[in-house]
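Working notes, beginning with the structure itself.
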Amino acid sequence: MPDAAALVVAAGRGQRFGAELPKQFLTLAGKPVLRHVLEAFAAHPGIAAVQTVIHPDDRALYVAAAAGLDLRPPTDGGATRQDSVRLGLAALADLAPRRVLIHDAARPFVSGDLIDRVLAGLDRYPGVIPAVPVADTLKRVEDGAISDTVDRSGLWRAQTPQGFRYADLVAAHADLAGRELTDDAALLEAAGLMVGIVEGTERNFKITSKDDMERAQGLLAGGRRETRCGTGFDVHRFGPPLAGGLTIQLCGVAVPHDRALLGHSDADVGLHALTDAILGALGQGDIGSHFPPSDPQWKGADSAVFLRAAGELTAARGGRIVHLDVTLICEAPKVGPWRAAMVARIAEILDLDPGRVSVKATTTESLGFTGRREGIAAQAAASLDLPSG
């Protein structure tokens with residue numbers, strides 16, 4: 001009988017994080033968050049097997065994240081975390097390890113020392129969790145106001161990996177099926193078994209927000225950061241004049257004009273240039289490589305989708321957008337009356353302070369294709385703060 005197995009729970013969707021991919025598959029220091037976790041358990045001499053629970057839609061992402069590691073085949077999770085753990089335990093039934101460690105895939109800084117402490121604690125208790133004492137003053141809030149100050153003495157913040165005797169945890173899941181508890185330690189407590197505490201670490205935090213990802217990137221980069229700059233340029237041609245006029249999209253705002261801008265998407269030349277500037281600073285190619293015009297799904301698409309995706313790629317790298325500057329080059333329409341709305345819309349798309357966005361306009365003094373009113377051009381610059389390395 002193998003002595004200990006690790007069960008990594010990676011079936012969550014990470015909806016609070018707000019990224020295009022589940023957070024466990026976002027890139028952290030050059031590899032997926034999940035990869036950091038899997039490597040830690042696969043390399044530990046006290047762990048005989050690593051079982052991962054994933055969402056069925058994420059199988060390709062998992063295969064890429066786990067490539068080259070000696071792991072058991074993943075199993076699909078359930079509708080809740082408790083269901084996913086139960087299914088993961090069932091997948092380990094053929095091994096029936098004496099001990100099992102349950103770990104959240106979004107905690108990439110699990111260390112060998114921490115795994116050692118949890119395993120050692122299982123010699124004394126049926127269940128063991130790492131935890132850190134609560135240091136901040138706690139307030140109970142009702143209707144936006146403090147109703148009480150909570151005594152923090154004796155309060156601890158639970159972490160993972162949480163360790164259990166395998167047979168005890170399987171029995172607890174069977175006996176308490178349908179009771180949605182916050183973690184497996186609570187399940188064991190409800191079954192009447194004692195759960196001990198070992199020392200956790202502040203470094204073993206869970207990535208739940210973009211700020212957490214930035215913190216994680218900074219830790220792995222040794223705290224070093226760098227400023228990157230990128231530029232973008234785009235042009236769209238005007239269609240023939242239309243009686244009665246219409247609106248065109250410029251920097252996310254509908255601007256009245258008598259001629260349409262032609263393009264596969266909504267032809268928003270300003271947002272396209274800004275998207276390319278951000279992608280350039282990231283070293284991630286250009287807008288066409290991410291959203292090819294040959295793909296029919298982008299026909300008529302709102303260009304805010306492209307700009308937002310570039311912002312999400314920045315956040316996934318642990319970076320932030322420091323400043324954006326875009327210049328619209330055209331004889332008409334006049335940009336000035338719409339400038340403030342454009343700044344506000346760009347800031348809204350990227351969740352930025354409007355003070356970090358600049359929109360300008362100029363003409364070419366009737367020279368060239370813009371001077372002949374054949375189209376509109378835009379050039380943009382983006383400054384990003386990113387972890388170095």
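Going through the structure tokens in order, the chains are called A, B, and so on, while each chain numbers its residues from 1 and the ligands are numbered from 1 in the order shown.
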
Spatial neighbours of stretch 342-355 of chain A, max dist 8 Å, only C-alpha atoms, sep filter under 6 positions, as an mmCIF file with N, CA and C atoms, in the first residue's frame:
```cif
data_model
loop_
_atom_site.group_PDB
_atom_site.id
_atom_site.type_symbol
_atom_site.label_atom_id
_atom_site.label_comp_id
_atom_site.auth_asym_id
_atom_site.auth_seq_id
_atom_site.Cartn_x
_atom_site.Cartn_y
_atom_site.Cartn_z
ATOM 1 N N LEU A 250 -15.005 54.866 -32.974
ATOM 2 C CA LEU A 250 -13.665 55.393 -32.749
ATOM 3 C C LEU A 250 -13.367 55.341 -31.262
ATOM 4 N N CYS A 251 -12.361 54.564 -30.895
ATOM 5 C CA CYS A 251 -11.977 54.408 -29.480
ATOM 6 C C CYS A 251 -13.170 54.005 -28.630
ATOM 7 N N GLY A 252 -14.017 53.131 -29.178
ATOM 8 C CA GLY A 252 -15.134 52.587 -28.427
ATOM 9 C C GLY A 252 -16.358 53.462 -28.371
ATOM 10 N N VAL A 253 -16.363 54.578 -29.098
ATOM 11 C CA VAL A 253 -17.476 55.529 -29.057
ATOM 12 C C VAL A 253 -18.087 55.652 -30.455
ATOM 13 N N ALA A 304 -13.758 46.251 -28.540
ATOM 14 C CA ALA A 304 -13.503 46.212 -27.097
ATOM 15 C C ALA A 304 -13.078 44.811 -26.664
ATOM 16 N N LEU A 307 -9.272 44.633 -27.171
ATOM 17 C CA LEU A 307 -8.518 45.426 -26.200
ATOM 18 C C LEU A 307 -8.591 44.790 -24.816
ATOM 19 N N ARG A 308 -9.767 44.308 -24.446
ATOM 20 C CA ARG A 308 -9.922 43.671 -23.135
ATOM 21 C C ARG A 308 -9.042 42.425 -23.032
ATOM 22 N N GLY A 311 -5.588 43.392 -22.242
ATOM 23 C CA GLY A 311 -5.481 43.729 -20.825
ATOM 24 C C GLY A 311 -5.419 42.494 -19.948
ATOM 25 N N ILE A 321 -1.022 48.016 -16.673
ATOM 26 C CA ILE A 321 -0.887 49.065 -17.685
ATOM 27 C C ILE A 321 -0.659 50.391 -16.969
#
```

Next item on the list: With a distance cut-off of 12 Å and only C-alpha atoms, select the neighbouring residues of A:Gly263, excluding the residue or stretch itself and same-chain residues fewer than 2 positions from it, and output the selection as a PyMOL selection string.
Entry: chain A and resi 234-239+248-249+260-261+265-269+272+293-294+298-303+375-376

Could those selected residues go to a file with C-alpha atoms, as a PDB file, in the first residue's frame?
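As a result, part.pdb now contains:
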```pdb
ATOM      1  CA  ASP A 234      -3.654  50.844 -37.831  1.00  0.00           C
ATOM      2  CA  VAL A 235      -5.501  52.156 -40.879  1.00  0.00           C
ATOM      3  CA  HIS A 236      -9.066  51.678 -42.126  1.00  0.00           C
ATOM      4  CA  ARG A 237     -10.510  52.860 -45.425  1.00  0.00           C
ATOM      5  CA  PHE A 238     -13.749  54.830 -45.769  1.00  0.00           C
ATOM      6  CA  GLY A 239     -16.646  53.494 -47.800  1.00  0.00           C
ATOM      7  CA  ILE A 248     -18.514  54.926 -36.915  1.00  0.00           C
ATOM      8  CA  GLN A 249     -16.686  53.431 -33.944  1.00  0.00           C
ATOM      9  CA  ALA A 260     -18.530  53.991 -42.964  1.00  0.00           C
ATOM     10  CA  LEU A 261     -15.133  52.610 -41.998  1.00  0.00           C
ATOM     11  CA  SER A 265     -14.661  43.755 -37.244  1.00  0.00           C
ATOM     12  CA  ASP A 266     -16.221  47.112 -36.354  1.00  0.00           C
ATOM     13  CA  ALA A 267     -13.125  48.809 -37.878  1.00  0.00           C
ATOM     14  CA  ASP A 268     -12.332  50.768 -34.696  1.00  0.00           C
ATOM     15  CA  VAL A 269      -8.924  52.021 -35.749  1.00  0.00           C
ATOM     16  CA  HIS A 272      -6.934  48.282 -32.853  1.00  0.00           C
ATOM     17  CA  PRO A 293      -9.602  38.459 -39.948  1.00  0.00           C
ATOM     18  CA  SER A 294     -10.024  35.142 -41.760  1.00  0.00           C
ATOM     19  CA  TRP A 298     -14.784  38.221 -35.564  1.00  0.00           C
ATOM     20  CA  LYS A 299     -16.881  39.633 -38.429  1.00  0.00           C
ATOM     21  CA  GLY A 300     -18.512  42.803 -37.107  1.00  0.00           C
ATOM     22  CA  ALA A 301     -17.077  42.169 -33.627  1.00  0.00           C
ATOM     23  CA  ASP A 302     -16.871  44.931 -31.034  1.00  0.00           C
ATOM     24  CA  SER A 303     -13.164  45.830 -30.864  1.00  0.00           C
ATOM     25  CA  GLY A 375      -9.517  56.709 -44.467  1.00  0.00           C
ATOM     26  CA  ILE A 376      -8.441  57.123 -40.847  1.00  0.00           C
TER      27      ILE A 376
END
```

Per residue of stretch 244-332 of chain A within 12 Å of stretch 189-209 of chain A, note the shortest atom pair and the distance in Å to one decimal, counting only C-alpha atoms, and order the rows by chain and increasing residue number, as JSON lines.
```
{"residue": "A:Ala315", "atom": "CA", "partner": "A:Ser209", "partner_atom": "CA", "distance": 9.7}
{"residue": "A:Ala316", "atom": "CA", "partner": "A:Ser209", "partner_atom": "CA", "distance": 10.3}
{"residue": "A:Gly318", "atom": "CA", "partner": "A:Ser209", "partner_atom": "CA", "distance": 10.6}
```

Item checked: DSSP helix (DSSP H, G or I) residues within stretch 58-113 of chain A, listed as a PyMOL selection string -> chain A and resi 58-65+81-91+112-113

Keeping only N, CA and C atoms, write those residues as a PDB file, in the first residue's frame.
```
ATOM      1  N   ASP A  58     -11.165  21.362 -19.673  1.00  0.00           N
ATOM      2  CA  ASP A  58      -9.784  21.816 -19.538  1.00  0.00           C
ATOM      3  C   ASP A  58      -8.757  20.730 -19.843  1.00  0.00           C
ATOM      4  N   ARG A  59      -9.174  19.634 -20.457  1.00  0.00           N
ATOM      5  CA  ARG A  59      -8.258  18.500 -20.630  1.00  0.00           C
ATOM      6  C   ARG A  59      -7.028  18.895 -21.461  1.00  0.00           C
ATOM      7  N   ALA A  60      -7.226  19.633 -22.537  1.00  0.00           N
ATOM      8  CA  ALA A  60      -6.078  20.031 -23.363  1.00  0.00           C
ATOM      9  C   ALA A  60      -5.136  20.952 -22.586  1.00  0.00           C
ATOM     10  N   LEU A  61      -5.705  21.864 -21.803  1.00  0.00           N
ATOM     11  CA  LEU A  61      -4.878  22.749 -20.979  1.00  0.00           C
ATOM     12  C   LEU A  61      -4.095  21.943 -19.954  1.00  0.00           C
ATOM     13  N   TYR A  62      -4.738  20.935 -19.370  1.00  0.00           N
ATOM     14  CA  TYR A  62      -4.057  20.100 -18.381  1.00  0.00           C
ATOM     15  C   TYR A  62      -2.909  19.328 -19.020  1.00  0.00           C
ATOM     16  N   VAL A  63      -3.159  18.739 -20.184  1.00  0.00           N
ATOM     17  CA  VAL A  63      -2.118  17.951 -20.860  1.00  0.00           C
ATOM     18  C   VAL A  63      -0.875  18.813 -21.092  1.00  0.00           C
ATOM     19  N   ALA A  64      -1.079  20.050 -21.504  1.00  0.00           N
ATOM     20  CA  ALA A  64       0.053  20.951 -21.731  1.00  0.00           C
ATOM     21  C   ALA A  64       0.750  21.299 -20.419  1.00  0.00           C
ATOM     22  N   ALA A  65      -0.026  21.529 -19.366  1.00  0.00           N
ATOM     23  CA  ALA A  65       0.554  21.926 -18.075  1.00  0.00           C
ATOM     24  C   ALA A  65       1.322  20.786 -17.421  1.00  0.00           C
ATOM     25  N   ARG A  81     -16.683  21.868  -5.088  1.00  0.00           N
ATOM     26  CA  ARG A  81     -15.356  21.412  -4.676  1.00  0.00           C
ATOM     27  C   ARG A  81     -15.464  20.095  -3.920  1.00  0.00           C
ATOM     28  N   GLN A  82     -16.480  19.966  -3.061  1.00  0.00           N
ATOM     29  CA  GLN A  82     -16.640  18.737  -2.298  1.00  0.00           C
ATOM     30  C   GLN A  82     -16.865  17.549  -3.229  1.00  0.00           C
ATOM     31  N   ASP A  83     -17.673  17.753  -4.275  1.00  0.00           N
ATOM     32  CA  ASP A  83     -17.874  16.688  -5.259  1.00  0.00           C
ATOM     33  C   ASP A  83     -16.561  16.334  -5.949  1.00  0.00           C
ATOM     34  N   SER A  84     -15.779  17.344  -6.283  1.00  0.00           N
ATOM     35  CA  SER A  84     -14.519  17.102  -6.982  1.00  0.00           C
ATOM     36  C   SER A  84     -13.549  16.301  -6.119  1.00  0.00           C
ATOM     37  N   VAL A  85     -13.471  16.638  -4.835  1.00  0.00           N
ATOM     38  CA  VAL A  85     -12.595  15.876  -3.946  1.00  0.00           C
ATOM     39  C   VAL A  85     -13.073  14.431  -3.832  1.00  0.00           C
ATOM     40  N   ARG A  86     -14.374  14.254  -3.686  1.00  0.00           N
ATOM     41  CA  ARG A  86     -14.924  12.891  -3.575  1.00  0.00           C
ATOM     42  C   ARG A  86     -14.579  12.066  -4.813  1.00  0.00           C
ATOM     43  N   LEU A  87     -14.707  12.676  -5.993  1.00  0.00           N
ATOM     44  CA  LEU A  87     -14.384  11.965  -7.228  1.00  0.00           C
ATOM     45  C   LEU A  87     -12.883  11.689  -7.327  1.00  0.00           C
ATOM     46  N   GLY A  88     -12.077  12.621  -6.836  1.00  0.00           N
ATOM     47  CA  GLY A  88     -10.632  12.395  -6.826  1.00  0.00           C
ATOM     48  C   GLY A  88     -10.238  11.266  -5.897  1.00  0.00           C
ATOM     49  N   LEU A  89     -10.873  11.192  -4.734  1.00  0.00           N
ATOM     50  CA  LEU A  89     -10.613  10.088  -3.801  1.00  0.00           C
ATOM     51  C   LEU A  89     -11.000   8.751  -4.432  1.00  0.00           C
ATOM     52  N   ALA A  90     -12.110   8.745  -5.151  1.00  0.00           N
ATOM     53  CA  ALA A  90     -12.542   7.511  -5.821  1.00  0.00           C
ATOM     54  C   ALA A  90     -11.529   7.083  -6.873  1.00  0.00           C
ATOM     55  N   ALA A  91     -10.913   8.065  -7.554  1.00  0.00           N
ATOM     56  CA  ALA A  91      -9.912   7.741  -8.567  1.00  0.00           C
ATOM     57  C   ALA A  91      -8.664   7.127  -7.959  1.00  0.00           C
ATOM     58  N   GLY A 112       8.332  21.875  -0.022  1.00  0.00           N
ATOM     59  CA  GLY A 112       8.625  20.547   0.506  1.00  0.00           C
ATOM     60  C   GLY A 112       8.556  20.516   2.017  1.00  0.00           C
ATOM     61  N   ASP A 113       9.016  21.585   2.690  1.00  0.00           N
ATOM     62  CA  ASP A 113       8.962  21.631   4.157  1.00  0.00           C
ATOM     63  C   ASP A 113       7.521  21.599   4.654  1.00  0.00           C
TER      64      ASP A 113
END
```

Margin query: Among stretch 5-223 of chain A, which ones does DSSP assign to strand (DSSP E or B) (computed from the backbone)? Answer as a ChimeraX atom specification.
Written below: /A:5-10,27-28,31-32,49-54,75-76,99-104,127-133,138-142,145-150,156-158,162-165,195-199

Could you please take those selected residues and save C-alpha atoms as a CSV table (one decimal), in the first residue's frame?
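What ended up in result-v6.csv:
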```csv
chain,number,residue,atom,x,y,z
A,5,ALA,CA,-0.8,10.4,-2.4
A,6,ALA,CA,-1.5,14.0,-3.3
A,7,LEU,CA,-4.9,15.0,-4.7
A,8,VAL,CA,-4.7,18.4,-6.6
A,9,VAL,CA,-8.1,20.0,-7.1
A,10,ALA,CA,-8.0,22.0,-10.4
A,27,THR,CA,1.1,31.7,-16.9
A,28,LEU,CA,3.2,32.4,-13.8
A,31,LYS,CA,4.6,28.2,-16.9
A,32,PRO,CA,1.0,27.5,-15.8
A,49,ALA,CA,1.4,9.4,-6.5
A,50,VAL,CA,-0.2,12.6,-7.7
A,51,GLN,CA,-3.9,12.6,-8.8
A,52,THR,CA,-5.4,15.7,-10.4
A,53,VAL,CA,-9.1,16.6,-10.6
A,54,ILE,CA,-9.9,18.9,-13.6
A,75,THR,CA,-10.2,12.6,-13.4
A,76,ASP,CA,-13.1,14.9,-14.0
A,99,ARG,CA,-2.6,9.1,3.7
A,100,VAL,CA,-3.8,11.7,1.2
A,101,LEU,CA,-3.0,15.4,0.9
A,102,ILE,CA,-5.7,17.6,-0.7
A,103,HIS,CA,-4.3,20.8,-2.3
A,104,ASP,CA,-5.8,23.7,-4.2
A,127,GLY,CA,-6.5,15.1,9.9
A,128,VAL,CA,-4.0,18.0,9.7
A,129,ILE,CA,-4.1,21.4,8.1
A,130,PRO,CA,-1.5,24.1,7.7
A,131,ALA,CA,-2.7,27.5,9.1
A,132,VAL,CA,-1.5,30.9,10.0
A,133,PRO,CA,-2.8,33.0,12.9
A,138,LEU,CA,-11.7,41.6,12.5
A,139,LYS,CA,-14.9,43.6,12.0
A,140,ARG,CA,-18.5,42.2,11.5
A,141,VAL,CA,-20.3,44.4,9.0
A,142,GLU,CA,-24.0,44.9,8.4
A,145,ALA,CA,-21.4,49.7,8.8
A,146,ILE,CA,-19.4,47.9,11.5
A,147,SER,CA,-21.7,46.1,13.9
A,148,ASP,CA,-19.1,44.4,16.1
A,149,THR,CA,-15.4,43.8,16.6
A,150,VAL,CA,-14.6,40.1,16.6
A,156,TRP,CA,-6.4,30.9,12.3
A,157,ARG,CA,-6.5,31.1,8.5
A,158,ALA,CA,-6.6,27.6,6.9
A,162,GLN,CA,-4.7,19.4,4.1
A,163,GLY,CA,-3.7,15.9,5.1
A,164,PHE,CA,-5.9,13.0,6.1
A,165,ARG,CA,-5.9,9.3,6.7
A,195,VAL,CA,-8.0,17.8,13.1
A,196,GLY,CA,-4.7,19.2,14.1
A,197,ILE,CA,-2.8,22.3,13.0
A,198,VAL,CA,0.7,22.7,11.7
A,199,GLU,CA,2.5,25.9,10.9
```

Per residue of stretch 300-389 of chain A within 8 Å of stretch 280-287 of chain A, record the nearest atom pair and its distance in Å to one decimal, counting only C-alpha atoms, with rows in chain order and ascending residue number, as a tab-separated table.
```
residue	atom	partner	partner_atom	distance
A:Phe306	CA	A:Ile287	CA	7.4
A:Thr314	CA	A:Leu282	CA	7.2
A:Ala382	CA	A:Ala281	CA	7.0
A:Ser383	CA	A:Ala281	CA	7.3
A:Leu384	CA	A:Ala281	CA	6.8
```

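Minimum atom-to-atom distances from A:Leu92, A:Ala105, A:Ala167, A:Leu155 to A:Ala48 were compared using only C-alpha atoms, and the lowest value belongs to A:Leu92.
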
Next item on the list: Determine the nearest neighbour of A:Ala377 from the options A:Ala40, A:Phe109, A:Phe233, A:Gln159, counting only C-alpha atoms.
Entry: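 With only C-alpha atoms as the atom set, the closest residue is A:Phe233.
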